[in-house]
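Student: Structure file target_14.txt (compact mmCIF, C-alpha atoms) right here:
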```txt
# COMPACT_ATOMS: atom_id res chain seq x y z
CA MET A 1 0.00 0.00 0.00
CA GLU A 2 2.79 2.37 0.91
CA GLU A 3 4.52 1.72 -2.35
CA ALA A 4 1.31 1.98 -4.27
CA GLU A 5 0.66 5.39 -2.80
CA ASN A 6 4.02 6.69 -3.96
CA VAL A 7 3.54 5.38 -7.44
CA SER A 8 0.18 7.04 -7.71
CA ALA A 9 1.73 10.29 -6.63
CA LYS A 10 4.09 10.11 -9.54
CA SER A 11 1.64 9.06 -12.19
CA SER A 12 -1.33 11.19 -11.23
CA GLN A 13 -1.28 14.72 -12.47
CA ASP A 14 -1.50 16.61 -9.23
CA GLY A 15 1.13 14.88 -7.18
CA THR A 16 -1.26 13.18 -4.76
CA GLY A 17 1.45 12.04 -2.38
CA THR A 18 1.10 12.64 1.31
CA PRO A 19 3.69 15.44 1.33
CA ALA A 20 1.35 17.64 -0.67
CA VAL A 21 -1.17 17.41 2.12
CA SER A 22 1.08 18.32 4.96
CA SER A 23 2.84 21.12 3.16
CA PRO A 24 0.52 23.60 1.53
CA MET A 25 3.36 26.11 1.76
CA THR A 26 5.50 24.40 -0.87
CA GLY A 27 4.70 27.38 -3.04
CA PRO A 28 2.78 27.83 -6.23
CA GLY A 29 5.70 26.66 -8.35
CA GLU A 30 5.30 23.02 -7.53
CA ALA A 31 1.59 23.10 -8.04
CA GLY A 32 1.75 25.29 -11.13
CA LEU A 33 1.11 23.18 -14.18
CA PRO A 34 -0.53 20.16 -12.65
CA ASP A 35 -3.10 22.42 -11.02
CA ALA A 36 -4.87 23.25 -14.21
CA ARG A 37 -5.62 19.63 -14.77
CA SER A 38 -6.79 18.85 -11.29
CA THR A 39 -8.92 21.97 -10.94
CA GLU A 40 -10.61 21.11 -14.18
CA ALA A 41 -11.54 17.73 -12.77
CA GLY A 42 -12.52 19.27 -9.47
CA THR A 43 -14.78 22.03 -10.72
CA ALA A 44 -16.92 19.60 -12.66
CA ASP A 45 -18.72 18.60 -9.49
CA THR A 46 -18.08 21.64 -7.35
CA ALA A 47 -20.78 24.05 -6.35
CA PRO A 48 -19.87 27.70 -6.93
CA ALA A 49 -20.15 28.35 -3.20
CA ASP A 50 -17.49 25.78 -2.51
CA THR A 51 -15.08 27.28 -4.98
CA ALA A 52 -15.56 30.67 -3.41
CA ALA A 53 -14.87 29.26 0.03
CA ALA A 54 -11.73 27.53 -1.17
CA ASP A 55 -10.39 30.71 -2.74
CA THR A 56 -10.72 32.97 0.28
CA ALA A 57 -6.97 33.43 0.48
CA PRO A 58 -4.19 32.96 -2.07
CA ALA A 59 -2.54 30.42 0.20
CA ASP A 60 -5.76 28.50 0.29
CA ALA A 61 -6.01 28.54 -3.45
CA ALA A 62 -2.62 26.91 -3.67
CA ALA A 63 -3.66 24.35 -1.10
CA ALA A 64 -7.00 23.74 -2.76
CA PRO A 65 -5.84 21.02 -5.17
CA ALA A 66 -4.46 19.08 -2.22
CA ASN A 67 -7.78 19.48 -0.48
CA THR A 68 -9.56 16.95 -2.65
CA ARG A 69 -10.10 13.29 -2.14
CA ASN A 70 -11.38 12.37 -5.58
CA THR A 71 -8.03 11.48 -7.04
CA GLY A 72 -5.83 8.39 -7.22
CA PRO A 73 -7.05 5.61 -4.90
CA GLY A 74 -9.84 7.95 -3.85
CA ARG A 75 -11.46 7.46 -7.23
CA LEU A 76 -11.71 3.73 -6.63
CA LEU A 77 -13.08 4.35 -3.14
CA ILE A 78 -15.71 6.75 -4.49
CA ALA A 79 -16.63 4.30 -7.24
CA VAL A 80 -17.21 1.50 -4.74
CA TYR A 81 -19.15 3.85 -2.48
CA ALA A 82 -21.27 4.85 -5.47
CA VAL A 83 -22.08 1.21 -6.24
CA PHE A 84 -23.13 0.71 -2.61
CA ALA A 85 -25.14 3.91 -2.62
CA ILE A 86 -27.07 2.73 -5.67
CA SER A 87 -27.60 -0.82 -4.50
CA ALA A 88 -28.52 0.15 -0.93
CA THR A 89 -30.95 2.81 -2.17
CA ALA A 90 -32.56 0.40 -4.62
CA ARG A 91 -32.80 -2.33 -2.02
CA ALA A 92 -34.23 -0.08 0.69
CA GLY A 93 -36.68 1.43 -1.77
CA TYR A 94 -37.79 -2.03 -2.84
CA GLN A 95 -38.16 -3.26 0.76
CA ILE A 96 -40.10 -0.20 1.90
CA LEU A 97 -42.40 -0.16 -1.11
CA THR A 98 -43.24 -3.86 -1.11
CA LYS A 99 -43.00 -5.23 2.43
CA PHE A 100 -42.46 -2.40 4.87
CA SER A 101 -44.93 -3.73 7.46
CA GLU A 102 -43.02 -7.02 7.81
CA ALA A 103 -40.01 -5.49 9.53
CA PRO A 104 -40.18 -1.70 9.73
CA LEU A 105 -37.06 -1.38 11.85
CA ALA A 106 -34.85 -3.42 9.53
CA TYR A 107 -36.11 -1.60 6.45
CA LEU A 108 -35.75 1.83 8.02
CA LEU A 109 -32.22 0.78 8.86
CA SER A 110 -31.75 -0.17 5.22
CA ALA A 111 -32.94 3.28 4.19
CA PHE A 112 -30.65 4.90 6.73
CA ALA A 113 -27.69 2.91 5.41
CA ALA A 114 -28.58 4.00 1.90
CA VAL A 115 -28.60 7.67 2.95
CA VAL A 116 -25.22 7.26 4.65
CA TYR A 117 -23.72 5.76 1.49
CA VAL A 118 -25.13 8.51 -0.69
CA VAL A 119 -23.80 11.23 1.62
CA ALA A 120 -20.40 9.53 1.83
CA THR A 121 -20.17 9.17 -1.96
CA VAL A 122 -21.06 12.78 -2.67
CA SER A 123 -18.91 14.28 0.08
CA LEU A 124 -15.88 12.16 -0.85
CA ALA A 125 -16.17 13.35 -4.43
CA LYS A 126 -16.36 17.03 -3.49
CA PRO A 127 -13.27 19.08 -2.64
CA GLY A 128 -13.09 21.40 0.33
CA ARG A 129 -13.06 21.36 4.11
CA THR A 130 -16.80 21.11 4.57
CA ALA A 131 -16.97 18.08 2.32
CA PHE A 132 -14.10 16.58 4.28
CA LYS A 133 -15.95 16.98 7.59
CA VAL A 134 -19.13 15.57 6.11
CA SER A 135 -17.13 12.61 4.78
CA VAL A 136 -15.59 11.91 8.17
CA VAL A 137 -18.99 11.95 9.87
CA ALA A 138 -20.62 9.81 7.18
CA VAL A 139 -17.83 7.24 7.20
CA LEU A 140 -17.77 7.11 11.02
CA VAL A 141 -21.54 6.62 11.11
CA GLU A 142 -21.12 3.88 8.54
CA LEU A 143 -18.44 2.17 10.63
CA VAL A 144 -20.54 2.36 13.80
CA GLY A 145 -23.58 1.21 11.83
CA VAL A 146 -21.92 -1.85 10.36
CA LEU A 147 -20.42 -2.80 13.73
CA VAL A 148 -23.60 -2.30 15.78
CA VAL A 149 -25.99 -3.79 13.24
CA GLY A 150 -23.54 -6.57 12.52
CA ALA A 151 -23.21 -7.43 16.20
CA LEU A 152 -26.97 -7.19 16.80
CA SER A 153 -27.72 -9.44 13.86
CA VAL A 154 -25.34 -12.04 15.24
CA PHE A 155 -26.43 -11.94 18.91
CA ASP A 156 -30.09 -11.10 18.46
CA SER A 157 -30.95 -12.68 15.15
CA VAL A 158 -34.63 -12.99 16.09
CA ASN A 159 -35.25 -9.27 16.24
CA PHE A 160 -32.78 -8.49 13.48
CA PRO A 161 -33.72 -10.35 10.36
CA HIS A 162 -30.71 -10.47 8.05
CA GLU A 163 -31.99 -8.00 5.57
CA THR A 164 -29.86 -4.91 5.64
CA VAL A 165 -26.56 -4.11 3.97
CA TRP A 166 -24.93 -4.13 7.39
CA SER A 167 -26.37 -7.40 8.72
CA LEU A 168 -23.74 -9.97 9.71
CA PHE A 169 -21.07 -7.31 9.13
CA GLY A 170 -22.02 -7.14 5.48
CA ARG A 171 -21.46 -10.80 4.76
CA GLY A 172 -24.06 -10.72 1.99
CA TYR A 173 -21.85 -8.19 0.22
CA GLY A 174 -18.52 -9.92 0.65
CA PHE A 175 -17.78 -7.98 3.87
CA ILE A 176 -17.10 -4.93 1.73
CA PRO A 177 -19.40 -2.83 3.98
CA LEU A 178 -17.04 -3.61 6.87
CA LEU A 179 -13.88 -2.93 4.88
CA LEU A 180 -15.11 0.23 3.19
CA PRO A 181 -15.33 2.56 6.22
CA ILE A 182 -11.90 1.44 7.44
CA LEU A 183 -10.31 2.17 4.07
CA GLY A 184 -12.37 5.35 3.93
CA LEU A 185 -11.02 6.60 7.25
CA ILE A 186 -7.44 5.76 6.25
CA TRP A 187 -7.90 7.66 3.00
CA LEU A 188 -9.52 10.63 4.73
CA TYR A 189 -6.69 10.73 7.27
CA ARG A 190 -4.05 10.68 4.55
CA ARG A 191 -5.78 13.43 2.61
CA ARG A 192 -6.85 15.57 5.56
CA PRO A 193 -6.87 19.28 4.89
CA ALA A 194 -3.92 21.28 6.15
CA PRO A 195 -4.57 23.09 9.44
CA LEU A 196 -6.02 26.56 9.00
CA LYS A 197 -3.67 29.46 9.48
CA ALA A 198 -4.95 32.04 11.94
CA MET B 1 -28.25 -20.15 -14.18
CA ASP B 2 -28.62 -19.74 -17.92
CA ALA B 3 -26.31 -19.01 -20.84
CA TYR B 4 -26.65 -15.27 -20.36
CA PHE B 5 -25.26 -15.58 -16.87
CA TYR B 6 -22.34 -17.70 -18.01
CA ILE B 7 -21.50 -15.26 -20.79
CA ILE B 8 -21.34 -12.44 -18.25
CA LEU B 9 -19.46 -14.68 -15.82
CA VAL B 10 -16.69 -15.32 -18.34
CA VAL B 11 -16.58 -11.83 -19.87
CA GLY B 12 -16.87 -10.11 -16.49
CA LEU B 13 -14.14 -12.16 -14.86
CA LEU B 14 -11.85 -11.71 -17.86
CA SER B 15 -12.43 -7.96 -17.82
CA THR B 16 -11.74 -7.78 -14.08
CA ILE B 17 -8.55 -9.81 -14.43
CA ILE B 18 -7.34 -7.67 -17.34
CA CYS B 19 -8.07 -4.43 -15.51
CA VAL B 20 -6.56 -5.56 -12.20
CA ALA B 21 -3.46 -6.76 -14.04
CA ALA B 22 -3.16 -3.43 -15.84
CA GLY B 23 -3.58 -1.62 -12.52
CA ILE B 24 -0.91 -3.72 -10.86
CA MET B 25 1.39 -3.07 -13.81
CA LYS B 26 0.88 0.66 -13.12
CA LYS B 27 -0.77 1.35 -16.44
CA ALA B 28 -3.36 4.02 -17.06
CA PRO B 29 -6.63 2.89 -18.66
CA ASN B 30 -5.87 1.97 -22.25
CA ASP B 31 -7.69 0.44 -25.20
CA THR B 32 -7.38 -3.07 -23.76
CA THR B 33 -8.95 -2.31 -20.41
CA ILE B 34 -11.63 -0.01 -21.81
CA LEU B 35 -12.53 -2.51 -24.54
CA SER B 36 -12.76 -5.29 -21.95
CA VAL B 37 -15.32 -3.18 -20.09
CA ALA B 38 -17.06 -2.51 -23.40
CA ALA B 39 -17.28 -6.29 -23.82
CA VAL B 40 -19.08 -6.50 -20.47
CA GLU B 41 -21.51 -3.86 -21.70
CA LEU B 42 -21.99 -5.84 -24.90
CA SER B 43 -22.76 -9.06 -23.05
CA LEU B 44 -25.26 -7.17 -20.89
CA LEU B 45 -26.88 -5.86 -24.08
CA VAL B 46 -27.10 -9.45 -25.30
CA TYR B 47 -28.84 -10.31 -22.03
CA LEU B 48 -31.20 -7.36 -22.56
CA VAL B 49 -32.10 -8.33 -26.12
CA GLY B 50 -32.46 -11.99 -25.17
CA SER B 51 -34.71 -11.13 -22.23
CA VAL B 52 -36.91 -8.84 -24.32
CA VAL B 53 -37.30 -11.61 -26.91
CA ARG B 54 -38.13 -14.18 -24.22
CA VAL B 55 -40.74 -11.97 -22.58
CA ALA B 56 -42.18 -11.04 -25.97
CA SER B 57 -42.53 -14.70 -26.87
CA GLY B 58 -44.58 -15.32 -23.74
CA GLU B 59 -42.07 -16.49 -21.14
CA GLN B 60 -42.87 -15.46 -17.57
CA ILE B 61 -40.40 -13.94 -15.12
CA ALA B 62 -40.81 -15.84 -11.84
CA GLY B 63 -39.90 -12.91 -9.58
CA GLU B 64 -40.87 -9.26 -9.78
CA PRO B 65 -40.46 -8.19 -13.43
CA TRP B 66 -39.69 -4.57 -12.55
CA GLU B 67 -37.00 -5.73 -10.16
CA PHE B 68 -35.40 -7.73 -12.97
CA TRP B 69 -35.52 -4.81 -15.40
CA GLY B 70 -34.26 -2.47 -12.70
CA TYR B 71 -31.21 -4.64 -12.16
CA LEU B 72 -30.61 -4.91 -15.89
CA ALA B 73 -30.96 -1.17 -16.49
CA THR B 74 -28.60 -0.38 -13.61
CA ALA B 75 -26.09 -2.97 -14.81
CA LEU B 76 -26.17 -1.44 -18.29
CA LEU B 77 -25.36 2.01 -16.90
CA LEU B 78 -22.49 0.70 -14.77
CA PRO B 79 -19.81 0.22 -17.47
CA ILE B 80 -20.63 3.61 -19.00
CA GLY B 81 -20.34 5.35 -15.66
CA ALA B 82 -17.13 3.55 -14.78
CA VAL B 83 -15.45 4.38 -18.10
CA TYR B 84 -16.51 8.02 -17.72
CA TRP B 85 -15.15 8.12 -14.16
CA ALA B 86 -11.96 6.34 -15.23
CA ILE B 87 -11.02 8.56 -18.17
CA LEU B 88 -11.59 11.78 -16.21
CA GLU B 89 -8.37 10.94 -14.41
CA ARG B 90 -6.25 8.42 -16.22
CA THR B 91 -4.13 6.85 -13.51
CA ARG B 92 -3.55 3.24 -12.59
CA TRP B 93 -6.30 3.57 -9.99
CA SER B 94 -8.82 4.11 -12.73
CA ASN B 95 -8.05 0.60 -13.93
CA PHE B 96 -9.19 -0.71 -10.55
CA VAL B 97 -12.40 1.26 -11.00
CA LEU B 98 -12.84 -0.47 -14.36
CA ALA B 99 -12.02 -3.80 -12.71
CA ALA B 100 -14.97 -3.34 -10.37
CA VAL B 101 -17.37 -3.37 -13.34
CA GLY B 102 -16.81 -7.02 -14.25
CA VAL B 103 -17.42 -8.41 -10.75
CA THR B 104 -20.36 -6.13 -10.11
CA ALA B 105 -21.97 -7.10 -13.42
CA LEU B 106 -21.36 -10.72 -12.50
CA VAL B 107 -23.08 -10.38 -9.13
CA MET B 108 -25.97 -8.49 -10.69
CA ALA B 109 -26.36 -11.09 -13.43
CA ALA B 110 -26.53 -13.82 -10.78
CA ARG B 111 -29.26 -11.88 -8.98
CA MET B 112 -31.10 -11.34 -12.28
CA ASN B 113 -31.02 -15.08 -12.89
CA GLN B 114 -32.46 -15.69 -9.41
CA ILE B 115 -35.31 -13.30 -10.10
CA TRP B 116 -36.04 -14.79 -13.51
CA TYR B 117 -36.28 -18.42 -12.35
```
Turn the structure described in the file into structure tokens.

Tutor:
Amino acid sequence: MEEAENVSAKSSQDGTGTPAVSSPMTGPGEAGLPDARSTEAGTADTAPADTAAADTAPADAAAAPANTRNTGPGRLLIAVYAVFAISATARAGYQILTKFSEAPLAYLLSAFAAVVYVVATVSLAKPGRTAFKVSVVAVLVELVGVLVVGALSVFDSVNFPHETVWSLFGRGYGFIPLLLPILGLIWLYRRRPAPLKA
Amino acid sequence: MDAYFYIILVVGLLSTIICVAAGIMKKAPNDTTILSVAAVELSLLVYLVGSVVRVASGEQIAGEPWEFWGYLATALLLPIGAVYWAILERTRWSNFVLAAVGVTALVMAARMNQIWY
């Protein structure tokens, strides 16, 4: 993984290596040319408000490209999150529309999981500090959710029919729901925004 | 499990293997990996056409028909979305994104088979 990260830093256009995160002060020179490329990718899904917030200070503008998580391994993470967002939403929608009265709690939990995945997908794809915070919360909620629901479905299988994404620690989905928040937190930690200057 | 599933099984696994290999070899998405994903899309289209013909000729879907078509429609969008997402930033990681298409299509095809029979 360590090696992989370094390689990606070389091959991706904005130098995604960890150093870029911890040192926003490296100066505009280093970020000069690659920036154009990464901003172009970033603005595609950036609300105008976000861009404005990111550009409050020149230093911030230079740090902005580093303040994204939709690059390198992050793209794979977002893609997997997107697949889970779609499948969890579809599944919850199906359960609630067709057989909600059978197990309201489990199906509401399904819907909740779907919302968490959607929020995580969108916030991971967006640059900026706010998106980062939202991502951390969403991924933490996801981790707690998969652990609590997973444990409940094992120890109290009568009241927790195995019908949510998180049941049995996500066994029905190859344990990816358990793995995803851990990888997500690692990724978020590695790409955390630089501390604000007073 | 019918022939449509096995087609997607083979094509999907091949595509995943090709894309993972390309990712491990530190290559950006290229013609080979993108075409392998296109092959997954093609086999899903074959499934679509075959299913339309079967329903038109009077065959019944055992499960919920709209669930089946929902899965199929989503599966058809998947390769397109993945290729779009992958070519926006052409790094080795994008090949792993493409690799996810084959397995996902495979799982969805298995579920579609369950619904049909």

Student: Using all atoms listed in the file, find the residues of chain B whose closest atom to chain A is at most 6 Å away, then write them as a list in words.

Tutor: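 Within 6 Å of chain A on chain B, we get Thr91, Trp93 and Val97 of chain B.
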
Student: How many Å lie between CA of Ala82 (chain B) and CA of Leu9 (chain B), rounded to one decimal?

Tutor: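 Distance reported for this atom pair: 18.4 Å.
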
Student: What is the CA of Ile8 (chain B) to CA of Ser51 (chain B) distance in Å?

Tutor: 14.0 Å

Student: Enclose the full set of atoms of region 28-34 of chain B listed in the file within a box whose edges lie along x, y and z, apply 8 Å of padding to each of the six sides, and report centre and edge lengths in Å to one decimal as lines of an AutoDock Vina configuration file.

Tutor:
```
center_x = -7.5
center_y = 0.5
center_z = -21.1
size_x = 24.3
size_y = 23.1
size_z = 24.1
```

Student: Distance CA of Val122 (chain A)-CA of Leu35 (chain B), one decimal place?

Tutor: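 Computing the Euclidean distance for CA of Val122 (chain A) and CA of Leu35 (chain B) yields 28.0 Å.
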
Student: Tell me which protein, DNA and RNA residues are within 12 Å of Gly50 (chain B), counting only C-alpha atoms, leaving out same-chain ones fewer than 6 positions away, and put them as a PyMOL selection string.

Tutor: chain B and resi 2-5+43-44+56-57+59+72

Student: List the spatial neighbours of region 178-193 of chain A as a PyMOL selection string - criterion: any atom at most 10 Å away, all atoms listed in the file, same-chain residues fewer than 2 positions off excluded.

Tutor: chain A and resi 16-22+24+63-64+66-70+73-74+77-78+80-81+84+120+124+127-129+132-133+135-147+150+165-166+168-171+173-176+195-196

Student: Region 98-106 of chain B: which residues within 10 Å, counting only C-alpha atoms, same-chain residues fewer than 6 positions away excluded, as a ChimeraX atom specification?

Tutor: /A:76,79-80,83 /B:5-23,29,33-34,36-37,39-41,43-44,71-72,74-76,78-87,112

Student: Could you check which of B:Met25, B:Leu45, B:Ala38, B:Met1 is closest to Tyr117 (chain B), using all atoms listed in the file?

Tutor: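 Residue with the minimum atom-to-atom distance to Tyr117 (chain B): B:Met1.
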
Student: From the list A:Val158, A:Ile96, A:Val149, A:Val134, which residue is nearest Tyr117 (chain A) when using all atoms listed in the file?

Tutor: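 Among the listed residues, A:Val134 lies closest to Tyr117 (chain A).
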
Student: Report the closest atom pair, with its distance in Å rounded to one decimal, for each residue of region 67-92 of chain A that has an atom no farther than 7 Å from region 97-112 of chain A; count only C-alpha atoms, sort by chain and then rising residue number, and write it as a tab-separated table.

Tutor:
```
residue	atom	partner	partner_atom	distance
A:Ala88	CA	A:Ser110	CA	7.0
A:Thr89	CA	A:Ala111	CA	6.7
A:Ala92	CA	A:Ala111	CA	5.0
```
